[in-house]
$ cat target.cif   # mmCIF, C-alpha atoms and all ligand atoms
data_input
#
loop_
_atom_site.label_atom_id
_atom_site.label_comp_id
_atom_site.auth_asym_id
_atom_site.auth_seq_id
_atom_site.Cartn_x
_atom_site.Cartn_y
_atom_site.Cartn_z
CA MET A 1 157.75 -18.13 -43.01
CA ALA A 2 161.51 -17.84 -42.83
CA ASP A 3 163.15 -19.10 -39.66
CA ASN A 4 163.79 -15.83 -37.89
CA LYS A 5 165.25 -17.38 -34.73
CA VAL A 6 168.62 -15.73 -34.44
CA LEU A 7 171.66 -16.14 -32.31
CA LEU A 8 171.69 -13.40 -29.71
CA GLU A 9 175.09 -13.90 -28.19
CA VAL A 10 178.39 -14.49 -29.91
CA THR A 11 180.68 -16.67 -27.85
CA GLU A 12 184.24 -17.91 -28.29
CA ASN A 13 182.82 -21.01 -29.99
CA HIS A 14 181.71 -18.87 -32.92
CA LEU A 15 185.21 -17.60 -33.65
CA ASN A 16 187.00 -18.96 -36.72
CA THR A 17 183.85 -20.71 -37.96
CA GLY A 18 183.28 -18.60 -41.06
CA LEU A 19 180.53 -16.58 -39.32
CA ARG A 20 178.35 -19.73 -39.24
CA GLY A 21 174.97 -18.78 -37.78
CA VAL A 22 176.10 -15.29 -36.77
CA PRO A 23 173.46 -12.77 -37.90
CA VAL A 24 174.90 -10.01 -40.05
CA GLY A 25 171.99 -8.14 -41.55
CA THR A 26 168.59 -8.42 -43.20
CA CYS A 27 167.86 -9.68 -46.68
CA ARG A 28 164.95 -8.27 -48.73
CA THR A 29 165.21 -10.57 -51.74
CA SER A 30 165.16 -14.17 -50.52
CA TYR A 31 165.33 -16.68 -47.69
CA VAL A 32 165.69 -20.45 -47.44
CA THR A 33 163.54 -22.81 -45.37
CA PRO A 34 164.35 -26.45 -44.58
CA THR A 35 161.32 -27.84 -46.41
CA GLU A 36 160.48 -25.43 -49.24
CA GLY A 37 163.98 -24.23 -49.99
CA VAL A 38 164.57 -20.80 -51.40
CA HIS A 39 161.79 -18.20 -51.56
CA TYR A 40 162.17 -15.07 -53.67
CA CYS A 41 160.43 -12.10 -52.00
CA GLY A 42 158.12 -14.51 -50.17
CA TYR A 43 157.27 -16.80 -53.11
CA PRO A 44 158.49 -20.42 -52.80
CA ILE A 45 160.71 -21.23 -55.76
CA SER A 46 158.37 -24.07 -56.78
CA GLU A 47 155.81 -21.38 -57.72
CA LEU A 48 158.29 -19.38 -59.78
CA ALA A 49 160.09 -22.04 -61.83
CA GLN A 50 157.91 -21.48 -64.92
CA PHE A 51 158.31 -17.70 -65.05
CA ASP A 52 160.51 -15.89 -67.56
CA PRO A 53 163.85 -14.66 -66.15
CA GLU A 54 162.91 -11.02 -66.83
CA ASP A 55 159.90 -11.27 -64.49
CA ILE A 56 162.03 -12.75 -61.72
CA VAL A 57 164.65 -10.02 -62.14
CA TYR A 58 161.76 -7.54 -61.79
CA LEU A 59 160.60 -9.37 -58.64
CA LEU A 60 164.05 -9.27 -57.02
CA PHE A 61 164.44 -5.55 -57.67
CA ASN A 62 160.85 -4.45 -56.96
CA LYS A 63 159.83 -7.08 -54.36
CA GLU A 64 156.63 -7.83 -56.28
CA LEU A 65 155.82 -9.71 -59.47
CA PRO A 66 155.12 -7.45 -62.44
CA THR A 67 151.70 -6.93 -63.98
CA PRO A 68 151.63 -7.75 -67.73
CA GLU A 69 152.14 -4.04 -68.48
CA GLN A 70 155.01 -3.72 -66.02
CA SER A 71 156.57 -6.87 -67.48
CA THR A 72 156.45 -5.45 -71.02
CA SER A 73 157.87 -2.13 -70.00
CA PHE A 74 160.65 -3.78 -67.92
CA ARG A 75 161.67 -5.89 -70.94
CA GLN A 76 161.85 -2.70 -73.01
CA ASP A 77 163.93 -1.07 -70.29
CA LEU A 78 166.40 -3.99 -70.27
CA ALA A 79 166.57 -3.94 -74.09
CA ALA A 80 167.45 -0.24 -74.02
CA ARG A 81 170.40 -1.04 -71.73
CA ALA A 82 171.68 -4.08 -73.64
CA GLU A 83 174.27 -2.60 -75.97
CA ILE A 84 177.82 -3.03 -74.67
CA PRO A 85 179.38 0.46 -74.81
CA GLY A 86 182.80 -0.52 -76.17
CA ASP A 87 184.94 -3.36 -77.35
CA VAL A 88 184.81 -6.21 -74.85
CA GLU A 89 185.57 -8.72 -77.63
CA SER A 90 189.16 -7.48 -78.09
CA VAL A 91 189.86 -7.95 -74.37
CA LEU A 92 188.40 -11.46 -74.31
CA LYS A 93 190.47 -12.41 -77.37
CA THR A 94 193.69 -11.74 -75.39
CA LEU A 95 192.81 -14.14 -72.54
CA PRO A 96 194.44 -17.58 -72.28
CA LYS A 97 191.99 -20.18 -73.54
CA PHE A 98 193.23 -22.67 -70.94
CA GLY A 99 192.07 -20.30 -68.16
CA HIS A 100 188.90 -21.33 -66.30
CA PRO A 101 185.66 -19.91 -67.77
CA MET A 102 184.82 -18.37 -64.38
CA ASP A 103 188.01 -16.31 -64.55
CA TRP A 104 186.91 -15.16 -68.01
CA LEU A 105 183.51 -14.23 -66.62
CA SER A 106 185.04 -12.19 -63.82
CA ILE A 107 187.38 -10.37 -66.23
CA GLY A 108 184.50 -9.84 -68.67
CA ILE A 109 182.39 -8.19 -65.97
CA HIS A 110 185.35 -6.05 -64.86
CA THR A 111 185.84 -4.99 -68.47
CA LEU A 112 182.19 -3.99 -68.84
CA GLY A 113 182.69 -1.79 -65.76
CA MET A 114 185.77 -0.16 -67.27
CA LEU A 115 183.82 0.59 -70.45
CA GLU A 116 181.00 2.32 -68.57
CA THR A 117 180.00 2.94 -64.98
CA THR A 118 177.15 5.31 -64.12
CA GLU A 119 177.89 5.66 -60.38
CA ASP A 120 174.24 4.75 -59.70
CA TRP A 121 173.83 1.37 -57.99
CA LYS A 122 170.54 0.37 -59.61
CA GLU A 123 171.43 1.68 -63.06
CA ASP A 124 174.70 -0.23 -63.06
CA ALA A 125 173.08 -3.42 -61.72
CA LEU A 126 170.37 -3.37 -64.41
CA ASN A 127 172.85 -2.44 -67.16
CA LEU A 128 175.01 -5.38 -66.17
CA ILE A 129 172.04 -7.77 -66.16
CA ALA A 130 171.07 -6.54 -69.64
CA ARG A 131 174.62 -7.03 -70.97
CA MET A 132 175.26 -10.46 -69.46
CA PRO A 133 173.72 -12.57 -72.29
CA ARG A 134 176.01 -11.03 -74.90
CA LEU A 135 179.04 -11.32 -72.62
CA MET A 136 178.24 -14.99 -71.96
CA GLY A 137 177.82 -15.71 -75.67
CA LEU A 138 181.12 -13.99 -76.48
CA ILE A 139 182.96 -15.94 -73.77
CA PHE A 140 181.77 -19.27 -75.18
CA ARG A 141 182.51 -18.36 -78.81
CA ILE A 142 185.92 -16.80 -78.28
CA ARG A 143 187.13 -19.61 -76.01
CA GLU A 144 186.10 -22.12 -78.66
CA GLY A 145 187.98 -20.21 -81.36
CA ARG A 146 184.74 -19.16 -83.11
CA GLU A 147 185.74 -15.52 -82.99
CA ASN A 148 184.70 -14.57 -86.50
CA ASP A 149 181.22 -13.97 -87.91
CA ILE A 150 179.73 -13.38 -84.46
CA PRO A 151 176.07 -12.49 -85.09
CA ALA A 152 175.27 -8.84 -84.37
CA ASP A 153 173.45 -8.30 -81.08
CA ASP A 154 169.69 -7.86 -81.25
CA ALA A 155 168.39 -6.05 -78.18
CA SER A 156 164.78 -6.71 -79.14
CA MET A 157 165.30 -10.35 -78.11
CA ASN A 158 164.76 -11.50 -74.53
CA LEU A 159 167.73 -12.31 -72.27
CA VAL A 160 167.95 -16.02 -73.09
CA ASP A 161 167.32 -15.60 -76.84
CA ARG A 162 170.16 -13.08 -77.04
CA PHE A 163 172.60 -15.55 -75.49
CA VAL A 164 171.50 -18.38 -77.80
CA HIS A 165 171.70 -15.99 -80.77
CA ALA A 166 175.29 -14.90 -79.93
CA LEU A 167 176.30 -18.49 -79.24
CA ASP A 168 174.85 -19.71 -82.53
CA PHE A 169 175.54 -23.43 -81.93
CA GLU A 170 174.86 -25.58 -84.97
CA GLY A 171 172.94 -28.86 -84.85
CA VAL A 172 171.21 -28.26 -81.52
CA ASP A 173 167.56 -27.88 -80.62
CA LYS A 174 167.50 -24.17 -79.82
CA GLU A 175 163.99 -24.23 -78.36
CA LYS A 176 164.98 -26.91 -75.84
CA MET A 177 168.16 -24.97 -75.12
CA LYS A 178 166.15 -21.84 -74.35
CA ARG A 179 163.81 -23.71 -71.98
CA VAL A 180 166.64 -25.29 -70.03
CA ILE A 181 168.61 -22.04 -69.71
CA SER A 182 165.53 -20.04 -68.82
CA THR A 183 164.61 -22.46 -66.02
CA TYR A 184 168.23 -22.67 -64.88
CA LEU A 185 168.46 -18.88 -64.58
CA VAL A 186 165.22 -18.54 -62.62
CA LEU A 187 166.18 -21.33 -60.19
CA HIS A 188 169.67 -19.96 -59.49
CA MET A 189 169.10 -16.19 -59.24
CA ASP A 190 169.26 -15.79 -55.48
CA HIS A 191 169.81 -17.82 -52.32
CA GLY A 192 169.65 -15.66 -49.20
CA GLY A 193 172.10 -13.04 -48.05
CA GLY A 194 174.93 -15.01 -46.48
CA ASN A 195 176.18 -17.39 -49.17
CA LEU A 196 179.83 -16.68 -49.93
CA SER A 197 179.50 -15.00 -53.33
CA THR A 198 176.57 -12.77 -52.33
CA PHE A 199 178.22 -11.87 -49.04
CA SER A 200 181.54 -11.12 -50.78
CA GLY A 201 179.86 -8.98 -53.45
CA LYS A 202 178.00 -6.95 -50.82
CA ALA A 203 181.13 -6.60 -48.69
CA ILE A 204 183.11 -5.24 -51.65
CA ALA A 205 180.27 -2.87 -52.56
CA SER A 206 180.19 -1.60 -48.94
CA GLY A 207 183.52 0.10 -49.62
CA LYS A 208 181.77 1.80 -52.56
CA ALA A 209 183.60 -0.12 -55.24
CA THR A 210 181.40 -0.20 -58.34
CA VAL A 211 178.69 -2.80 -58.98
CA TYR A 212 181.00 -4.25 -61.65
CA SER A 213 184.02 -4.59 -59.34
CA SER A 214 181.81 -6.01 -56.62
CA MET A 215 180.21 -8.49 -59.02
CA ALA A 216 183.57 -9.57 -60.45
CA GLY A 217 184.67 -10.27 -56.86
CA ALA A 218 181.44 -12.19 -56.22
CA MET A 219 182.17 -14.32 -59.29
CA ASN A 220 185.65 -15.07 -57.97
CA ALA A 221 184.06 -16.22 -54.72
CA LEU A 222 181.55 -18.34 -56.63
CA SER A 223 184.29 -20.04 -58.64
CA GLY A 224 185.61 -22.14 -55.75
CA PRO A 225 185.00 -25.91 -55.66
CA LEU A 226 183.21 -25.64 -52.30
CA HIS A 227 180.78 -23.10 -53.71
CA GLY A 228 179.58 -22.63 -57.31
CA ARG A 229 181.92 -25.11 -58.87
CA ALA A 230 179.96 -27.93 -57.20
CA ASN A 231 177.70 -28.11 -60.29
CA GLN A 232 180.74 -28.84 -62.48
CA SER A 233 181.80 -31.57 -60.01
CA CYS A 234 178.29 -33.00 -60.06
CA LEU A 235 178.21 -33.70 -63.79
CA GLU A 236 181.76 -35.06 -63.60
CA PHE A 237 180.44 -37.42 -60.91
CA VAL A 238 177.46 -38.46 -63.05
CA LEU A 239 179.77 -39.20 -66.01
CA LYS A 240 181.86 -41.33 -63.62
CA VAL A 241 178.79 -43.35 -62.52
CA GLY A 242 178.35 -44.31 -66.16
CA THR A 243 175.30 -46.59 -65.72
CA SER A 244 171.62 -46.16 -64.90
CA ASP A 245 171.19 -49.74 -63.70
CA PRO A 246 169.91 -49.42 -60.09
CA ASP A 247 172.07 -52.25 -58.68
CA GLU A 248 175.22 -50.95 -60.33
CA VAL A 249 174.45 -47.39 -59.22
CA GLU A 250 173.94 -48.61 -55.65
CA ALA A 251 177.26 -50.48 -55.74
CA PHE A 252 178.95 -47.33 -57.09
CA VAL A 253 177.45 -45.12 -54.36
CA ARG A 254 178.51 -47.56 -51.64
CA ALA A 255 182.05 -47.78 -53.05
CA GLU A 256 182.35 -43.98 -53.14
CA LEU A 257 181.24 -43.71 -49.52
CA GLU A 258 183.62 -46.50 -48.55
CA ALA A 259 186.43 -44.50 -50.20
CA LYS A 260 185.29 -41.44 -48.14
CA ARG A 261 184.28 -39.51 -51.25
CA PRO A 262 181.08 -37.38 -51.33
CA ILE A 263 177.99 -38.37 -53.26
CA PHE A 264 177.62 -35.25 -55.36
CA GLY A 265 174.16 -33.83 -55.83
CA PHE A 266 172.92 -34.92 -52.40
CA GLY A 267 172.79 -33.19 -49.04
CA HIS A 268 172.38 -29.59 -48.03
CA ALA A 269 173.41 -27.26 -45.22
CA VAL A 270 169.87 -25.91 -44.65
CA LEU A 271 167.32 -27.99 -46.59
CA ARG A 272 165.93 -31.13 -44.97
CA ALA A 273 163.95 -32.37 -48.01
CA GLU A 274 164.64 -32.66 -51.75
CA ASP A 275 165.49 -29.21 -53.04
CA PRO A 276 162.45 -27.95 -55.03
CA ARG A 277 164.96 -26.63 -57.59
CA ALA A 278 166.03 -30.25 -58.15
CA THR A 279 162.37 -31.32 -58.39
CA ALA A 280 161.72 -28.63 -61.03
CA GLN A 281 164.69 -29.78 -63.11
CA PHE A 282 163.65 -33.45 -62.85
CA LEU A 283 160.19 -32.47 -64.14
CA LEU A 284 161.74 -30.56 -67.05
CA GLY A 285 164.10 -33.43 -67.89
CA ALA A 286 161.26 -35.97 -67.79
CA GLU A 287 159.52 -33.81 -70.37
CA ILE A 288 162.37 -32.95 -72.75
CA CYS A 289 164.96 -35.72 -72.45
CA PRO A 290 163.67 -38.83 -70.59
CA GLU A 291 165.89 -41.09 -72.69
CA ASP A 292 169.10 -39.07 -72.29
CA GLU A 293 171.71 -41.39 -70.73
CA ASN A 294 172.90 -38.86 -68.13
CA PHE A 295 169.34 -37.95 -67.23
CA LYS A 296 168.60 -41.64 -66.72
CA ILE A 297 171.64 -41.87 -64.41
CA VAL A 298 170.54 -38.93 -62.27
CA THR A 299 167.00 -40.33 -62.15
CA THR A 300 168.36 -43.61 -60.80
CA LEU A 301 170.65 -41.78 -58.38
CA ARG A 302 167.63 -39.86 -57.10
CA GLU A 303 166.01 -43.19 -56.15
CA VAL A 304 169.09 -44.99 -54.85
CA ALA A 305 171.36 -42.44 -53.15
CA PRO A 306 168.91 -41.10 -50.50
CA ARG A 307 168.23 -44.67 -49.35
CA VAL A 308 171.94 -45.45 -49.00
CA LEU A 309 172.85 -42.08 -47.47
CA SER A 310 170.01 -42.46 -44.91
CA GLU A 311 171.90 -45.39 -43.41
CA ASN A 312 174.35 -42.82 -42.00
CA PRO A 313 172.52 -40.92 -39.21
CA LYS A 314 175.15 -38.14 -39.35
CA ILE A 315 173.89 -37.03 -42.77
CA SER A 316 171.24 -34.41 -42.09
CA ASN A 317 169.66 -34.47 -45.54
CA PRO A 318 170.13 -37.49 -47.83
CA ASN A 319 167.97 -35.99 -50.59
CA ALA A 320 168.84 -34.48 -53.96
CA ASN A 321 170.14 -30.91 -54.07
CA VAL A 322 169.97 -28.31 -56.86
CA ASP A 323 173.11 -29.55 -58.57
CA ILE A 324 171.98 -33.12 -59.23
CA ALA A 325 170.13 -32.60 -62.51
CA SER A 326 171.32 -29.27 -63.93
CA GLY A 327 174.49 -30.77 -65.45
CA ALA A 328 172.57 -33.55 -67.20
CA LEU A 329 170.17 -30.99 -68.69
CA LEU A 330 172.94 -28.63 -69.82
CA HIS A 331 174.83 -31.59 -71.29
CA HIS A 332 171.71 -32.69 -73.16
CA ILE A 333 171.22 -29.31 -74.86
CA GLY A 334 174.81 -29.23 -76.12
CA PHE A 335 176.99 -27.95 -73.27
CA THR A 336 179.12 -31.04 -72.94
CA ASP A 337 182.06 -29.42 -71.14
CA PRO A 338 181.21 -29.16 -67.40
CA THR A 339 183.90 -26.53 -66.80
CA TYR A 340 181.42 -23.99 -68.20
CA TYR A 341 178.56 -24.81 -65.84
CA THR A 342 179.46 -22.39 -63.08
CA THR A 343 179.31 -19.50 -65.57
CA PHE A 344 175.56 -20.15 -65.95
CA PHE A 345 175.30 -20.10 -62.16
CA GLY A 346 177.22 -16.80 -62.12
CA TRP A 347 175.07 -15.32 -64.88
CA ALA A 348 171.92 -16.14 -62.88
CA ARG A 349 173.33 -14.81 -59.59
CA VAL A 350 174.15 -11.40 -61.10
CA ALA A 351 170.42 -10.66 -60.66
CA GLY A 352 170.17 -11.62 -56.98
CA ILE A 353 173.53 -10.20 -55.97
CA GLY A 354 172.81 -7.03 -57.95
CA ALA A 355 169.44 -6.58 -56.22
CA GLN A 356 171.00 -7.21 -52.80
CA ILE A 357 173.80 -4.72 -53.47
CA VAL A 358 171.20 -2.10 -54.40
CA ASP A 359 169.26 -2.85 -51.19
CA GLU A 360 172.35 -2.61 -48.99
CA ARG A 361 173.72 0.49 -50.65
CA ALA A 362 170.60 2.51 -51.38
CA VAL A 363 167.58 1.17 -49.45
CA LEU A 364 168.47 -0.19 -45.99
CA ARG A 365 168.71 2.17 -43.02
CA ASP A 366 166.22 4.57 -44.63
CA GLY A 367 168.24 4.79 -47.79
CA LYS A 368 171.53 5.56 -46.03
CA GLY A 369 172.83 2.06 -46.72
CA THR A 370 174.90 -0.22 -44.49
CA PRO A 371 178.33 1.07 -43.48
CA ILE A 372 181.55 -0.45 -44.79
CA TYR A 373 181.90 -4.05 -43.55
CA ARG A 374 184.24 -4.30 -40.57
CA PRO A 375 183.74 -7.44 -38.48
CA LYS A 376 185.84 -7.68 -35.35
CA TYR A 377 188.82 -10.00 -35.08
CA ILE A 378 190.25 -10.86 -31.66
CA ALA A 379 194.00 -10.52 -31.31
CA GLU A 380 195.73 -13.84 -30.60
CA ALA A 381 198.36 -14.09 -27.86
CA GLN A 382 201.22 -14.17 -30.41
CA SER A 383 200.18 -10.88 -31.97
CA LEU A 384 200.20 -9.22 -28.51
CA ARG A 385 203.76 -10.31 -27.67
CA HIS A 386 205.36 -6.94 -28.45
CA ILE A 387 203.41 -5.21 -25.65
CA GLU A 388 204.29 -7.75 -22.94
N1 LIG B 401 177.93 -37.61 -49.46
C1 LIG B 401 178.76 -38.04 -48.48
N2 LIG B 401 178.79 -37.55 -47.23
C2 LIG B 401 177.89 -36.59 -46.95
C3 LIG B 401 176.98 -36.12 -47.90
C4 LIG B 401 177.02 -36.66 -49.20
N3 LIG B 401 176.21 -36.24 -50.19
N4 LIG B 401 176.21 -35.14 -47.33
C5 LIG B 401 176.65 -35.03 -46.06
N5 LIG B 401 177.67 -35.89 -45.83
C6 LIG B 401 178.46 -36.01 -44.60
C7 LIG B 401 179.25 -34.72 -44.37
O1 LIG B 401 180.45 -34.73 -45.12
C8 LIG B 401 179.46 -34.76 -42.88
O2 LIG B 401 180.52 -35.67 -42.61
P1 LIG B 401 181.59 -35.38 -41.42
O3 LIG B 401 180.76 -35.29 -40.18
O4 LIG B 401 182.49 -36.55 -41.48
O5 LIG B 401 182.26 -34.08 -41.76
C9 LIG B 401 178.18 -35.37 -42.38
O6 LIG B 401 177.60 -36.09 -43.48
C10 LIG B 401 177.16 -34.37 -41.89
O7 LIG B 401 176.95 -33.40 -42.91
P2 LIG B 401 175.61 -32.56 -42.98
O8 LIG B 401 175.44 -31.82 -41.70
O9 LIG B 401 174.50 -33.45 -43.41
O10 LIG B 401 175.87 -31.55 -44.19
P3 LIG B 401 176.85 -30.30 -44.27
O11 LIG B 401 176.06 -29.06 -44.01
O12 LIG B 401 178.09 -30.50 -43.46
O13 LIG B 401 177.29 -30.36 -45.80
C11 LIG B 401 177.06 -30.48 -48.16
C12 LIG B 401 176.39 -30.05 -46.84
C13 LIG B 401 176.19 -30.01 -49.31
C14 LIG B 401 178.46 -29.81 -48.28
C15 LIG B 401 177.19 -32.01 -48.16
O14 LIG B 401 175.91 -32.58 -48.13
C16 LIG B 401 177.96 -32.56 -49.36
O15 LIG B 401 179.19 -32.60 -49.33
N6 LIG B 401 177.24 -32.99 -50.45
C17 LIG B 401 177.87 -33.52 -51.64
C18 LIG B 401 178.48 -32.41 -52.49
C19 LIG B 401 177.41 -31.58 -53.17
O16 LIG B 401 176.43 -32.09 -53.74
N7 LIG B 401 177.60 -30.27 -53.13
C20 LIG B 401 176.63 -29.34 -53.73
C21 LIG B 401 175.79 -28.72 -52.66
C22 LIG B 401 174.68 -27.90 -53.23
C23 LIG B 401 174.90 -26.47 -52.97
O17 LIG B 401 174.68 -26.00 -51.86
N8 LIG B 401 175.37 -25.76 -53.99
#

$ encode --input "target.cif" --output "C-alpha cells"
Amino acid sequence: MADNKVLLEVTENHLNTGLRGVPVGTCRTSYVTPTEGVHYCGYPISELAQFDPEDIVYLLFNKELPTPEQSTSFRQDLAARAEIPGDVESVLKTLPKFGHPMDWLSIGIHTLGMLETTEDWKEDALNLIARMPRLMGLIFRIREGRENDIPADDASMNLVDRFVHALDFEGVDKEKMKRVISTYLVLHMDHGGGNLSTFSGKAIASGKATVYSSMAGAMNALSGPLHGRANQSCLEFVLKVGTSDPDEVEAFVRAELEAKRPIFGFGHAVLRAEDPRATAQFLLGAEICPEDENFKIVTTLREVAPRVLSENPKISNPNANVDIASGALLHHIGFTDPTYYTTFFGWARVAGIGAQIVDERAVLRDGKGTPIYRPKYIAEAQSLRHIE
C-alpha cells in the first residue's frame, strides 16, 4: 500500500521548502513506496517491466491492464491518431543544432499543438502519445543533419518500431534497440503526482492551457539538471569512471566523495532499497550486453558504491537508482551522446503526465476537475512597507 500518512498542519517551517511533504491532491495513476518503488495503478513496477508500452499507456489511462482484445483495439486506436497533421519537419529544420535536445522536444510538442488541438483533454493526450515516436525520430535525424530521405511514417507499426523506423540508424542491432527503448519507456512513464515536471504540467493545464502547452512546459521542467537531466549526468559520470576494476572503482568513488561531488546513480529521496527500475535494467543488460564496457562499469559500481556510501550515516539510501544503468544501455544500442537521454525520459513521461492531466481536468471532483492552481504566499515584511 502507498504511504497515506499525510501532513495535517502546515507550519512556518514548511514555507520556502518547495512544498516538500505538503499534500496537494490525489493521484490516480501511480505512487512510490520506499521498498518497491513506483507502482502504476497499484501494480509494482517490477511486475510491469516486461509489458509493451502500449499496454502501460492503456493502464495509466484506464486504471486497469487491457485484455488481449482491448490491447489490440487500443493499438489500432493509437495508430489511427499517429499521423502528424502538418509540417513539423520545416519547423525543426529552423532550430539551432547547438540547442539542447530537450528544448527541441519542447518546441516540437508546442508545434504539434499549433498544428492541431481538439480541445478535448483525453483526445489531445492520446494524439500526442501517438505522435511522439515520429517527433522523436525527426528530432534525432534533423539535429544530426540527416534531413533527407526520411522514411515515410507507418502507423501500422507499434510506438517503438515507428521511432526506430524514422531514426533509421545504420549498423545497429535494431531488435536490441527496440527492447531497450521499450523497457526504458515502461519504466519511466510515471512517478507519482508531485515530481516537478508532472506537477508543472498539471499546474499549467489547470489554467486550461492545452495539453500540448502544458506538456511543453512539463518538458521544460524536466530538462533541469536536478530533475530529468540526471540521467545525462549519470552516463557522463560512468564515462569518467573509465574502469570496471573493483579496486579502481572504489578509489574513484572515494575520491569523488572527498571532493564533495555526488556519486551519480545512487540515492533517492523516497526509496530505501535499490530501485526496481534499476534492477530491471541490470537484468536486461546482463542478457543483451554483459561484455559492454560501460555496463561492466555500472555493474561494478552497483557492488562498490553502496558499501562506500553506507559509511556515511547521513545518506538515507546508498543503493542504485533508476539512472544508474539506463545510460549504459542506451549507449550500447547506439545512442552515444548523453545529451539526448532526457528526451527518452520526456517521451516516456508524456504518457503519465498526459493521464494525470486528464484525471485532474476531467475526472476528479466528479468530473468537474481541480480549480486553477493558486497556492498561498505569505507577504514578507519588506513587501508590506508601503502600508506602515
Ligand atoms: N552521493 C553523494 N552524496 C549523497 C548521495 C550520493 N549518491 N546521496 C545522498 N547524498 C548526500 C546528500 O547530498 C545529503 O548531503 P547533505 O546533508 O550534505 O546535503 C545527504 O547525503 C543526505 O541525503 P539523502 O537524504 O540521502 O538524499 P536526498 O533526498 O537529499 O537526495 C538525491 C536524493 C537523489 C538527490 C541524492 O541521493 C543524490 O544526489 N544522488 C546522486 C545524484 C543522482 O543519482 N541523481 C539521480 C536521482 C534519481 C532520480 O530521482 N531521478

$ residues_near_ligand --input "target.cif" --ligand "ligand LIG 401 (chain B)" --cutoff "6 Å" --atoms "only C-alpha atoms and all ligand atoms" --output "list in words"
Ala230, Pro262, Ile263, Phe264, Gly265, Phe266, Gly267, His268, Ala269, Lys314, Ile315, Ser316, Asn317, Asn321, Val322 and Asp323 of chain A

$ write_last_selection --input "target.cif" --atoms "C-alpha atoms" --output "PDB file, keeping the file's coordinate frame"
ATOM      1  CA  ALA A 230     179.960 -27.930 -57.200  1.00  0.00           C
ATOM      2  CA  PRO A 262     181.080 -37.380 -51.330  1.00  0.00           C
ATOM      3  CA  ILE A 263     177.990 -38.370 -53.260  1.00  0.00           C
ATOM      4  CA  PHE A 264     177.620 -35.250 -55.360  1.00  0.00           C
ATOM      5  CA  GLY A 265     174.160 -33.830 -55.830  1.00  0.00           C
ATOM      6  CA  PHE A 266     172.920 -34.920 -52.400  1.00  0.00           C
ATOM      7  CA  GLY A 267     172.790 -33.190 -49.040  1.00  0.00           C
ATOM      8  CA  HIS A 268     172.380 -29.590 -48.030  1.00  0.00           C
ATOM      9  CA  ALA A 269     173.410 -27.260 -45.220  1.00  0.00           C
ATOM     10  CA  LYS A 314     175.150 -38.140 -39.350  1.00  0.00           C
ATOM     11  CA  ILE A 315     173.890 -37.030 -42.770  1.00  0.00           C
ATOM     12  CA  SER A 316     171.240 -34.410 -42.090  1.00  0.00           C
ATOM     13  CA  ASN A 317     169.660 -34.470 -45.540  1.00  0.00           C
ATOM     14  CA  ASN A 321     170.140 -30.910 -54.070  1.00  0.00           C
ATOM     15  CA  VAL A 322     169.970 -28.310 -56.860  1.00  0.00           C
ATOM     16  CA  ASP A 323     173.110 -29.550 -58.570  1.00  0.00           C
TER      17      ASP A 323
END

$ closest_residue --input "target.cif" --among "A:Ala305, A:Leu167, A:Ile109, A:Leu19" --to "Asn220 (chain A)" --atoms "all atoms listed in the file"
A:Ile109

$ atom_distance --input "target.cif" --atom1 "CA of Ile142 (chain A)" --atom2 "CA of Thr342 (chain A)"
17.4 Å

$ closest_residue --input "target.cif" --among "A:Asp247, A:Glu89, A:Asp190, A:Glu293" --to "Ala351 (chain A)" --atoms "only C-alpha atoms"
A:Asp190

$ residues_near_point --input "target.cif" --point "(168.5, -27.4, -45.0)" --cutoff "8 Å" --atoms "only C-alpha atoms" --output "list in words"
Val32, Thr33, Pro34, Thr35, Gly37, His268, Ala269, Val270, Leu271, Arg272, Ala273 and Asn317 of chain A

$ closest_residue --input "target.cif" --among "A:Pro246, A:Pro276, A:Pro96, A:Pro44" --to "Val304 (chain A)" --atoms "only C-alpha atoms"
A:Pro246

$ atom_distance --input "target.cif" --atom1 "CA of Arg28 (chain A)" --atom2 "CA of Leu135 (chain A)"
27.9 Å

$ closest_residue --input "target.cif" --among "A:Arg277, A:His188, A:His14, A:Lys202" --to "Ile56 (chain A)" --atoms "only C-alpha atoms"
A:His188
